[in-house]
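> For reference, the file data-v2.tsv (TSV, C-alpha atoms and all ligand atoms) is included below:
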chain	number	residue	atom	x	y	z
A	1	MET	CA	8.91	8.20	-15.14
A	2	ALA	CA	8.22	6.97	-18.66
A	3	PHE	CA	10.15	3.77	-18.02
A	4	GLU	CA	9.95	1.04	-15.41
A	5	HIS	CA	12.34	1.13	-12.46
A	6	THR	CA	13.91	-1.35	-10.11
A	7	LEU	CA	16.41	-1.02	-7.26
A	8	ARG	CA	20.10	-0.55	-8.00
A	9	SER	CA	21.20	-3.00	-5.31
A	10	PRO	CA	19.73	-5.31	-2.66
A	11	VAL	CA	18.65	-3.89	0.71
A	12	GLU	CA	17.53	-5.69	3.84
A	13	CYS	CA	15.99	-5.23	7.26
A	14	SER	CA	14.56	-7.35	10.02
A	15	GLY	CA	11.75	-7.07	12.52
A	16	VAL	CA	8.57	-8.80	13.68
A	17	GLY	CA	5.15	-9.21	12.11
A	18	LEU	CA	2.44	-7.04	13.71
A	19	HIS	CA	-0.20	-9.76	13.68
A	20	SER	CA	1.89	-12.95	14.06
A	21	GLY	CA	4.69	-11.55	16.23
A	22	ALA	CA	6.96	-13.75	14.08
A	23	PRO	CA	10.59	-12.59	13.65
A	24	VAL	CA	11.39	-12.01	9.98
A	25	LYS	CA	14.29	-10.97	7.76
A	26	LEU	CA	13.30	-9.11	4.63
A	27	ARG	CA	15.48	-8.49	1.60
A	28	ILE	CA	14.53	-6.47	-1.49
A	29	LEU	CA	16.34	-7.40	-4.70
A	30	PRO	CA	16.40	-5.84	-8.17
A	31	ALA	CA	14.19	-7.63	-10.73
A	32	HIS	CA	13.75	-7.79	-14.51
A	33	ALA	CA	11.56	-5.32	-16.37
A	34	GLY	CA	7.98	-6.55	-16.66
A	35	SER	CA	8.24	-8.90	-13.68
A	36	GLY	CA	6.34	-6.71	-11.18
A	37	ILE	CA	6.61	-7.30	-7.45
A	38	VAL	CA	7.21	-10.93	-6.44
A	39	PHE	CA	7.43	-12.19	-2.85
A	40	ARG	CA	9.71	-15.15	-2.17
A	41	ARG	CA	9.58	-17.34	0.97
A	42	THR	CA	13.22	-18.28	1.55
A	43	ASP	CA	12.11	-20.57	4.41
A	44	LEU	CA	9.98	-22.58	1.94
A	45	ASP	CA	12.50	-23.37	-0.82
A	46	GLY	CA	12.09	-19.94	-2.38
A	47	PHE	CA	8.36	-20.35	-3.09
A	48	GLU	CA	7.18	-17.28	-5.03
A	49	ILE	CA	3.91	-15.36	-4.79
A	50	GLU	CA	3.23	-12.49	-7.20
A	51	ALA	CA	1.79	-9.33	-5.65
A	52	VAL	CA	-1.37	-9.36	-7.76
A	53	SER	CA	-5.09	-9.51	-7.08
A	54	ARG	CA	-5.58	-13.18	-7.97
A	55	ASN	CA	-3.36	-14.14	-5.01
A	56	VAL	CA	-5.27	-12.08	-2.44
A	57	ALA	CA	-6.34	-14.44	0.33
A	58	ARG	CA	-7.55	-13.22	3.61
A	59	VAL	CA	-8.33	-9.65	4.30
A	60	SER	CA	-9.36	-8.28	7.65
A	61	TYR	CA	-6.85	-6.32	9.73
A	62	ALA	CA	-4.21	-6.65	7.00
A	63	THR	CA	-3.95	-7.79	3.40
A	64	SER	CA	-2.57	-11.29	2.88
A	65	LEU	CA	-1.56	-13.14	-0.24
A	66	MET	CA	-1.82	-16.88	-0.61
A	67	LYS	CA	-0.82	-19.32	-3.32
A	68	LYS	CA	-1.01	-23.11	-3.01
A	69	GLY	CA	-1.52	-22.78	0.73
A	70	VAL	CA	1.55	-20.55	1.26
A	71	LEU	CA	0.81	-17.27	3.01
A	72	ILE	CA	2.44	-13.83	2.91
A	73	SER	CA	0.79	-11.43	5.31
A	74	THR	CA	0.64	-7.65	5.73
A	75	THR	CA	1.88	-6.66	2.29
A	76	GLU	CA	0.25	-3.24	2.14
A	77	HIS	CA	2.91	-0.95	3.66
A	78	LEU	CA	5.76	-2.21	1.47
A	79	LEU	CA	3.62	-2.20	-1.69
A	80	SER	CA	2.53	1.34	-0.84
A	81	ALA	CA	6.18	2.41	-0.51
A	82	PHE	CA	6.95	0.88	-3.92
A	83	ILE	CA	4.16	2.90	-5.58
A	84	GLY	CA	5.23	6.05	-3.73
A	85	THR	CA	8.91	5.75	-4.68
A	86	GLY	CA	8.40	4.52	-8.26
A	87	VAL	CA	9.55	0.89	-7.94
A	88	ASP	CA	7.89	-1.29	-10.61
A	89	ASN	CA	9.92	-4.48	-10.35
A	90	ALA	CA	11.42	-6.14	-7.28
A	91	ILE	CA	11.84	-9.49	-5.59
A	92	VAL	CA	11.00	-9.39	-1.90
A	93	GLU	CA	12.52	-12.26	0.05
A	94	LEU	CA	11.29	-13.08	3.52
A	95	ASP	CA	11.99	-16.01	5.82
A	96	ASN	CA	8.62	-16.07	7.58
A	97	LEU	CA	4.93	-15.57	6.85
A	98	GLU	CA	4.52	-11.88	7.64
A	99	LEU	CA	6.35	-8.70	6.60
A	100	PRO	CA	8.01	-6.80	9.45
A	101	ILE	CA	5.90	-3.96	10.85
A	102	LEU	CA	9.02	-1.85	11.69
A	103	ASP	CA	7.71	1.50	12.98
A	104	GLY	CA	4.15	0.87	11.74
A	105	SER	CA	4.52	3.14	8.70
A	106	ALA	CA	5.98	2.90	5.19
A	107	GLN	CA	8.85	5.28	5.98
A	108	PRO	CA	11.49	2.60	6.71
A	109	PHE	CA	10.68	0.93	3.37
A	110	VAL	CA	10.96	4.28	1.56
A	111	ALA	CA	14.35	4.81	3.25
A	112	MET	CA	15.48	1.34	2.09
A	113	VAL	CA	14.52	2.09	-1.52
A	114	GLU	CA	16.25	5.46	-1.33
A	115	SER	CA	19.43	3.94	0.11
A	116	ALA	CA	19.53	1.35	-2.71
A	117	GLY	CA	18.68	3.92	-5.37
A	118	LEU	CA	16.54	3.37	-8.47
A	119	ARG	CA	17.68	2.03	-11.83
A	120	GLN	CA	15.73	2.87	-14.98
A	121	GLN	CA	14.85	-0.13	-17.15
A	122	ARG	CA	14.23	-0.35	-20.89
A	123	ARG	CA	10.56	-1.15	-20.73
A	124	LYS	CA	7.94	1.61	-20.83
A	125	ARG	CA	5.76	1.76	-17.77
A	126	SER	CA	2.11	0.98	-18.45
A	127	TYR	CA	-0.99	2.22	-16.66
A	128	LEU	CA	-4.60	1.20	-16.30
A	129	ARG	CA	-6.48	4.27	-17.47
A	130	MET	CA	-10.04	4.19	-16.17
A	131	ARG	CA	-12.65	4.73	-18.89
A	132	LYS	CA	-15.70	4.35	-16.68
A	133	GLU	CA	-16.46	4.84	-13.02
A	134	VAL	CA	-16.81	2.01	-10.53
A	135	GLU	CA	-18.62	2.51	-7.21
A	136	LEU	CA	-18.91	-0.07	-4.43
A	137	ARG	CA	-21.03	0.33	-1.30
A	138	ASP	CA	-21.30	-1.77	1.85
A	139	GLY	CA	-23.61	-0.20	4.42
A	140	ASN	CA	-22.09	3.22	5.13
A	141	LYS	CA	-18.76	2.21	3.61
A	142	PHE	CA	-17.95	3.38	0.11
A	143	ILE	CA	-15.14	3.14	-2.41
A	144	ALA	CA	-15.01	4.29	-6.01
A	145	VAL	CA	-12.70	5.12	-8.87
A	146	TYR	CA	-13.44	7.73	-11.53
A	147	PRO	CA	-11.68	8.50	-14.82
A	148	ALA	CA	-9.02	11.20	-14.36
A	149	ARG	CA	-5.87	12.46	-16.04
A	150	GLY	CA	-3.55	11.55	-13.15
A	151	TYR	CA	-3.59	9.23	-10.12
A	152	SER	CA	-5.08	10.60	-6.94
A	153	VAL	CA	-6.54	9.12	-3.78
A	154	ALA	CA	-9.05	10.78	-1.45
A	155	TYR	CA	-10.14	9.25	1.86
A	156	ASN	CA	-12.75	10.15	4.46
A	157	ILE	CA	-13.09	8.59	7.89
A	158	ASP	CA	-15.45	9.27	10.74
A	159	PHE	CA	-14.37	7.68	14.03
A	160	PRO	CA	-16.15	8.61	17.23
A	161	HIS	CA	-12.95	9.69	18.98
A	162	PRO	CA	-11.96	13.17	20.26
A	163	LEU	CA	-8.73	13.17	18.20
A	164	ILE	CA	-10.21	11.79	14.99
A	165	GLY	CA	-13.88	12.52	14.22
A	166	LYS	CA	-14.31	13.40	10.57
A	167	GLU	CA	-11.05	13.55	8.64
A	168	THR	CA	-10.37	13.91	4.93
A	169	PHE	CA	-7.10	13.62	3.05
A	170	GLU	CA	-6.39	13.76	-0.66
A	171	ILE	CA	-3.13	13.26	-2.51
A	172	ASP	CA	-2.11	13.48	-6.15
A	173	LEU	CA	0.40	10.68	-6.61
A	174	SER	CA	1.82	12.05	-9.85
A	175	GLY	CA	3.72	14.55	-7.68
A	176	ASP	CA	6.38	13.86	-5.04
A	177	ARG	CA	4.24	14.31	-1.90
A	178	TYR	CA	4.07	10.64	-0.91
A	179	ALA	CA	7.38	10.34	0.96
A	180	ARG	CA	6.73	13.50	3.01
A	181	GLU	CA	3.00	13.39	3.59
A	182	VAL	CA	1.93	9.74	3.57
A	183	ALA	CA	4.82	7.31	4.16
A	184	PRO	CA	5.52	8.34	7.80
A	185	ALA	CA	1.90	7.84	8.96
A	186	ARG	CA	1.67	4.89	11.37
A	187	THR	CA	-0.78	2.10	12.08
A	188	PHE	CA	-3.15	2.78	14.97
A	189	GLY	CA	-5.32	0.81	17.33
A	190	PHE	CA	-7.69	1.39	20.20
A	191	ARG	CA	-6.68	0.45	23.75
A	192	GLU	CA	-10.19	-0.82	24.47
A	193	ASP	CA	-9.93	-3.37	21.62
A	194	GLU	CA	-6.48	-4.56	22.65
A	195	LYS	CA	-7.41	-7.32	25.07
A	196	ALA	CA	-9.83	-9.02	22.68
A	197	MET	CA	-7.42	-8.72	19.76
A	198	ARG	CA	-4.53	-10.13	21.79
A	199	GLU	CA	-6.68	-13.05	22.93
A	200	MET	CA	-7.59	-13.78	19.32
A	201	GLY	CA	-3.88	-13.73	18.46
A	202	LEU	CA	-4.35	-10.83	16.03
A	203	ILE	CA	-1.71	-8.44	17.38
A	204	ARG	CA	1.05	-10.61	18.81
A	205	GLY	CA	3.73	-8.22	17.52
A	206	ALA	CA	2.11	-4.93	18.56
A	207	THR	CA	4.15	-2.61	20.77
A	208	PRO	CA	4.01	1.14	21.50
A	209	GLU	CA	6.96	1.46	19.06
A	210	ASN	CA	5.01	0.19	16.03
A	211	CYS	CA	1.43	1.27	16.63
A	212	ILE	CA	-0.30	4.44	17.82
A	213	VAL	CA	-2.37	3.47	20.84
A	214	LEU	CA	-5.57	5.46	21.26
A	215	THR	CA	-7.29	5.64	24.62
A	216	ARG	CA	-10.82	7.02	25.02
A	217	GLU	CA	-9.42	10.51	25.60
A	218	GLY	CA	-6.34	10.72	23.45
A	219	VAL	CA	-3.05	9.12	22.43
A	220	GLU	CA	-1.15	6.97	24.92
A	221	ASN	CA	2.20	7.00	23.12
A	222	GLY	CA	2.41	10.43	21.47
A	223	PRO	CA	3.42	12.65	19.92
A	224	LEU	CA	1.67	12.08	16.60
A	225	ARG	CA	3.67	12.69	13.43
A	226	TYR	CA	0.72	14.67	11.97
A	227	PRO	CA	-2.47	15.86	13.68
A	228	ASP	CA	-4.36	13.80	11.05
A	229	GLU	CA	-1.95	10.83	11.05
A	230	PHE	CA	-4.87	8.34	11.13
A	231	ILE	CA	-6.42	9.33	7.81
A	232	ARG	CA	-2.97	9.54	6.22
A	233	HIS	CA	-2.35	5.94	7.27
A	234	LYS	CA	-5.65	4.89	5.67
A	235	VAL	CA	-4.42	6.53	2.45
A	236	LEU	CA	-1.10	4.66	2.80
A	237	ASP	CA	-2.95	1.34	3.16
A	238	LEU	CA	-5.25	2.08	0.21
A	239	ILE	CA	-2.31	2.89	-2.08
A	240	GLY	CA	-0.66	-0.39	-1.04
A	241	ASP	CA	-3.82	-2.43	-1.67
A	242	LEU	CA	-4.40	-0.78	-5.07
A	243	ALA	CA	-0.88	-1.88	-6.04
A	244	LEU	CA	-2.38	-5.37	-6.36
A	245	LEU	CA	-3.82	-4.20	-9.70
A	246	GLY	CA	-0.32	-4.95	-10.99
A	247	HIS	CA	-0.22	-1.60	-12.80
A	248	ARG	CA	-0.47	1.97	-11.71
A	249	ILE	CA	-3.92	3.39	-12.15
A	250	LEU	CA	-4.96	6.55	-13.93
A	251	GLY	CA	-8.03	7.62	-12.08
A	252	ARG	CA	-9.33	9.33	-8.98
A	253	VAL	CA	-9.97	6.92	-6.12
A	254	VAL	CA	-12.39	7.99	-3.40
A	255	ALA	CA	-12.91	5.99	-0.21
A	256	ASP	CA	-15.20	6.62	2.75
A	257	ARG	CA	-14.81	4.49	5.91
A	258	ALA	CA	-13.48	1.64	3.79
A	259	GLY	CA	-10.85	-0.93	4.81
A	260	HIS	CA	-8.66	-3.63	3.32
A	261	ALA	CA	-11.66	-5.77	2.31
A	262	MET	CA	-13.23	-2.97	0.27
A	263	HIS	CA	-9.88	-1.83	-1.15
A	264	THR	CA	-9.20	-5.31	-2.52
A	265	ALA	CA	-12.83	-5.73	-3.66
A	266	LEU	CA	-12.37	-2.62	-5.81
A	267	VAL	CA	-9.20	-4.09	-7.29
A	268	SER	CA	-10.88	-7.36	-8.27
A	269	ARG	CA	-13.98	-5.52	-9.58
A	270	ILE	CA	-11.75	-3.40	-11.85
A	271	LEU	CA	-9.77	-6.38	-13.13
A	272	ARG	CA	-12.88	-8.49	-13.75
A	273	ASP	CA	-14.23	-6.08	-16.37
A	274	SER	CA	-11.72	-4.96	-18.97
A	275	SER	CA	-14.26	-2.60	-20.57
A	276	LEU	CA	-13.77	-0.33	-17.54
A	277	TRP	CA	-10.20	0.61	-18.42
A	278	GLU	CA	-7.55	0.55	-21.10
A	279	GLN	CA	-3.87	-0.17	-20.74
A	280	VAL	CA	-1.71	2.76	-21.88
A	281	THR	CA	2.02	3.44	-21.82
A	282	ALA	CA	3.71	6.31	-20.08
A	283	ASP	CA	4.22	8.12	-23.42
A	284	GLU	CA	0.52	8.28	-24.03
A	285	VAL	CA	0.02	9.47	-20.46
A	286	ALA	CA	2.73	12.13	-20.73
A	287	GLU	CA	0.93	13.71	-23.67
A	288	ALA	CA	-2.15	14.12	-21.54
A	289	VAL	CA	-0.43	14.85	-18.21
A	290	PRO	CA	2.83	16.79	-18.63
A	291	SER	CA	3.75	16.40	-14.94
A	292	PHE	CA	4.13	12.65	-15.43
A	293	ALA	CA	6.91	13.21	-17.95
A	294	ALA	CA	8.70	15.65	-15.66
A	295	LEU	CA	8.57	13.34	-12.68
A	296	ALA	CA	12.01	11.88	-12.05
A	297	PRO	CA	12.99	9.29	-9.47
A	298	ARG	CA	14.08	10.79	-6.16
A	299	PRO	CA	17.86	11.00	-6.00
A	300	ALA	CA	19.35	8.33	-3.76
B	401	ZN	ZN	-1.62	-0.17	7.57
Written as structure tokens, that's how I'd like the structure from this file.


Amino acid sequence: MAFEHTLRSPVECSGVGLHSGAPVKLRILPAHAGSGIVFRRTDLDGFEIEAVSRNVARVSYATSLMKKGVLISTTEHLLSAFIGTGVDNAIVELDNLELPILDGSAQPFVAMVESAGLRQQRRKRSYLRMRKEVELRDGNKFIAVYPARGYSVAYNIDFPHPLIGKETFEIDLSGDRYAREVAPARTFGFREDEKAMREMGLIRGATPENCIVLTREGVENGPLRYPDEFIRHKVLDLIGDLALLGHRILGRVVADRAGHAMHTALVSRILRDSSLWEQVTADEVAEAVPSFAALAPRPA
């Protein structure tokens, strides 16, 4: 993957937003090399918001972008799918304020990219290669990135629940494991939090079809796709939030009990200090990491 990639043709889907419950049509279009990922509100005269850190707005249960008062909410699953499938440039049109939740995972977005196919562009892909470590702490939450030859993400969670407890998952994203091991992992929520969240209007679009519902004892709407689906979904979210760097990272990211707020805090901390990293092209990376050169787009 020495060069940037976009989609071969447009693809679309429709659904509802998890948090807003708003119906939305989403269309992914090919885009020029060097343009990155750009969201476009077709219901607001095509207003565009770039998927980069400076547009991050509100971050609690999901990651939202905002520019001049225009909101795009819950970007993390689609951005995660783009990193996992090797899409560098795309225009994402939507006709409402929130991306569709679909089945709660990134798998439908991966399937859309695969059905469109990838087109190689002339521009060499560039990476942010970490030169120094960055560690952020907030109580018992932790997130860090360390210099490394490839891109990997490790996550730990510790939820007091019989099906979760302590879980750890690590993935090297220079390989092809993402689509099989991360993309299908779904969003989850706790039944005991549901009433309060519904009353606050935070989960208007949640249904048993787009969210794993955990009771005190187990899962209400099983079966799970993986025994450790929860931690895999945290990894999925983290990859999507790190995409707001605007470039792929070369480093090892480690997170412990973090969430969207800490993921995006790491992104802005990295971007604020350019002595922490250097921008390198895929050629320079391939010399150091042969597997990057061998990595081809998945056949569509
Ligand atoms: Zn998520």

> Given the choices A:Ser20, A:Ser64, A:Thr42, A:Gln121, which gets closest to A:Thr6 if the distance is worked out from all atoms listed in the file?

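When distances to A:Thr6 are compared using all atoms listed in the file, the smallest one comes from A:Gln121.
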
> Residues within 8 Å of ligand ZN 401 (chain B) (all atoms listed in the file), as a PyMOL selection string?

chain A and resi 62+76-77+104-105+186-187+233-234+236-237

> Tell me which of A:Gln107, A:Val153, A:Leu65, A:Leu266 sits closest to A:Arg137, counting only C-alpha atoms.

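Counting only C-alpha atoms, the residue closest to A:Arg137 is A:Leu266.
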
> Set the distance at 8 Å and use only C-alpha atoms: which residues neighbour A:Glu135 once local chain neighbours fewer than 2 positions away are removed? I'd like the list as a PyMOL selection string.

chain A and resi 133+137+142-145

> Which residue, A:His19, A:Lys67, A:His260, A:Arg58, has the smallest gap to A:Leu99 when you use all atoms listed in the file?

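Ranked by minimum distance to A:Leu99, first place goes to A:His19.
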
> Rank nothing, just name the residue among A:Val52, A:Met200, A:Ile28, A:Val110 nearest to A:Thr85, using only C-alpha atoms.

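Of all the options, A:Val110 lies closest to A:Thr85.
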
> What is the atom CA of A:Ala90-atom CA of A:Ile270 distance in Å, reported with one decimal?

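So the answer is 23.8 Å.
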
> Between atom CA of A:Ser174 and atom CA of A:His32, what is the distance, to one decimal in Å?

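Atom CA of A:His32 lies 23.6 Å from atom CA of A:Ser174.
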
> Using atom CA of A:Ser60 and atom CA of A:Val219 as the two end points, give the distance in Å to one decimal.

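Taking atom CA of A:Ser60 as the start and atom CA of A:Val219 as the end point, the length is 23.7 Å.
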
> Restricting the calculation to only C-alpha atoms: of A:Arg129, A:Lys68, A:Lys141, A:Arg216, which residue gets closest to A:Phe47?

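Nearest candidate to A:Phe47 out of A:Arg129, A:Lys68, A:Lys141, A:Arg216: A:Lys68.
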
> Taking 3 positions as the minimum chain separation for residues in the same chain, which residues sit within 9 Å of A:Leu224 when counting only C-alpha atoms? Answer as a PyMOL selection string.

chain A and resi 185-186+212+219+221+227-229

> Please determine, counting only C-alpha atoms, which residue among A:Ala261, A:Glu284, A:Met112, A:Gly246 has the shortest atom-to-atom distance to A:Arg54.

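Of the candidates, the smallest distance to A:Arg54 is held by A:Gly246.
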
> Quick one: everything within 12 Å of A:Cys13, counting all atoms listed in the file, minus sequence neighbours fewer than 2 positions away in the same chain. Send it as a PyMOL selection string.

chain A and resi 10-11+15-16+23-28+92-95+99-102+108-109+111-113

> Fewer than 5 positions away in the same chain doesn't count, so skip those; otherwise give me all residues within 12 Å of A:Ile157, counting only C-alpha atoms, as a PDB file with C-alpha atoms, in the frame of the given file.


ATOM      1  CA  ASN A 140     -22.090   3.220   5.130  1.00  0.00           C
ATOM      2  CA  LYS A 141     -18.760   2.210   3.610  1.00  0.00           C
ATOM      3  CA  PHE A 142     -17.950   3.380   0.110  1.00  0.00           C
ATOM      4  CA  ILE A 143     -15.140   3.140  -2.410  1.00  0.00           C
ATOM      5  CA  ILE A 164     -10.210  11.790  14.990  1.00  0.00           C
ATOM      6  CA  GLY A 165     -13.880  12.520  14.220  1.00  0.00           C
ATOM      7  CA  LYS A 166     -14.310  13.400  10.570  1.00  0.00           C
ATOM      8  CA  GLU A 167     -11.050  13.550   8.640  1.00  0.00           C
ATOM      9  CA  THR A 168     -10.370  13.910   4.930  1.00  0.00           C
ATOM     10  CA  PHE A 169      -7.100  13.620   3.050  1.00  0.00           C
ATOM     11  CA  ASP A 228      -4.360  13.800  11.050  1.00  0.00           C
ATOM     12  CA  GLU A 229      -1.950  10.830  11.050  1.00  0.00           C
ATOM     13  CA  PHE A 230      -4.870   8.340  11.130  1.00  0.00           C
ATOM     14  CA  ILE A 231      -6.420   9.330   7.810  1.00  0.00           C
ATOM     15  CA  ARG A 232      -2.970   9.540   6.220  1.00  0.00           C
ATOM     16  CA  HIS A 233      -2.350   5.940   7.270  1.00  0.00           C
ATOM     17  CA  LYS A 234      -5.650   4.890   5.670  1.00  0.00           C
ATOM     18  CA  VAL A 235      -4.420   6.530   2.450  1.00  0.00           C
ATOM     19  CA  VAL A 254     -12.390   7.990  -3.400  1.00  0.00           C
ATOM     20  CA  ALA A 255     -12.910   5.990  -0.210  1.00  0.00           C
ATOM     21  CA  ASP A 256     -15.200   6.620   2.750  1.00  0.00           C
ATOM     22  CA  ARG A 257     -14.810   4.490   5.910  1.00  0.00           C
ATOM     23  CA  ALA A 258     -13.480   1.640   3.790  1.00  0.00           C
ATOM     24  CA  GLY A 259     -10.850  -0.930   4.810  1.00  0.00           C
TER      25      GLY A 259
END

> Got a sec: who's within 10 Å of A:Gly84, counting only C-alpha atoms, leaving out chain neighbours fewer than 4 positions off, as a CSV table (one decimal) with C-alpha atoms, in the coordinates of the input?


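Below you can see part.csv, which holds the result:
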chain,number,residue,atom,x,y,z
A,78,LEU,CA,5.8,-2.2,1.5
A,79,LEU,CA,3.6,-2.2,-1.7
A,80,SER,CA,2.5,1.3,-0.8
A,106,ALA,CA,6.0,2.9,5.2
A,110,VAL,CA,11.0,4.3,1.6
A,173,LEU,CA,0.4,10.7,-6.6
A,174,SER,CA,1.8,12.0,-9.8
A,175,GLY,CA,3.7,14.6,-7.7
A,176,ASP,CA,6.4,13.9,-5.0
A,177,ARG,CA,4.2,14.3,-1.9
A,178,TYR,CA,4.1,10.6,-0.9
A,179,ALA,CA,7.4,10.3,1.0
A,182,VAL,CA,1.9,9.7,3.6
A,183,ALA,CA,4.8,7.3,4.2
A,236,LEU,CA,-1.1,4.7,2.8
A,239,ILE,CA,-2.3,2.9,-2.1
A,240,GLY,CA,-0.7,-0.4,-1.0
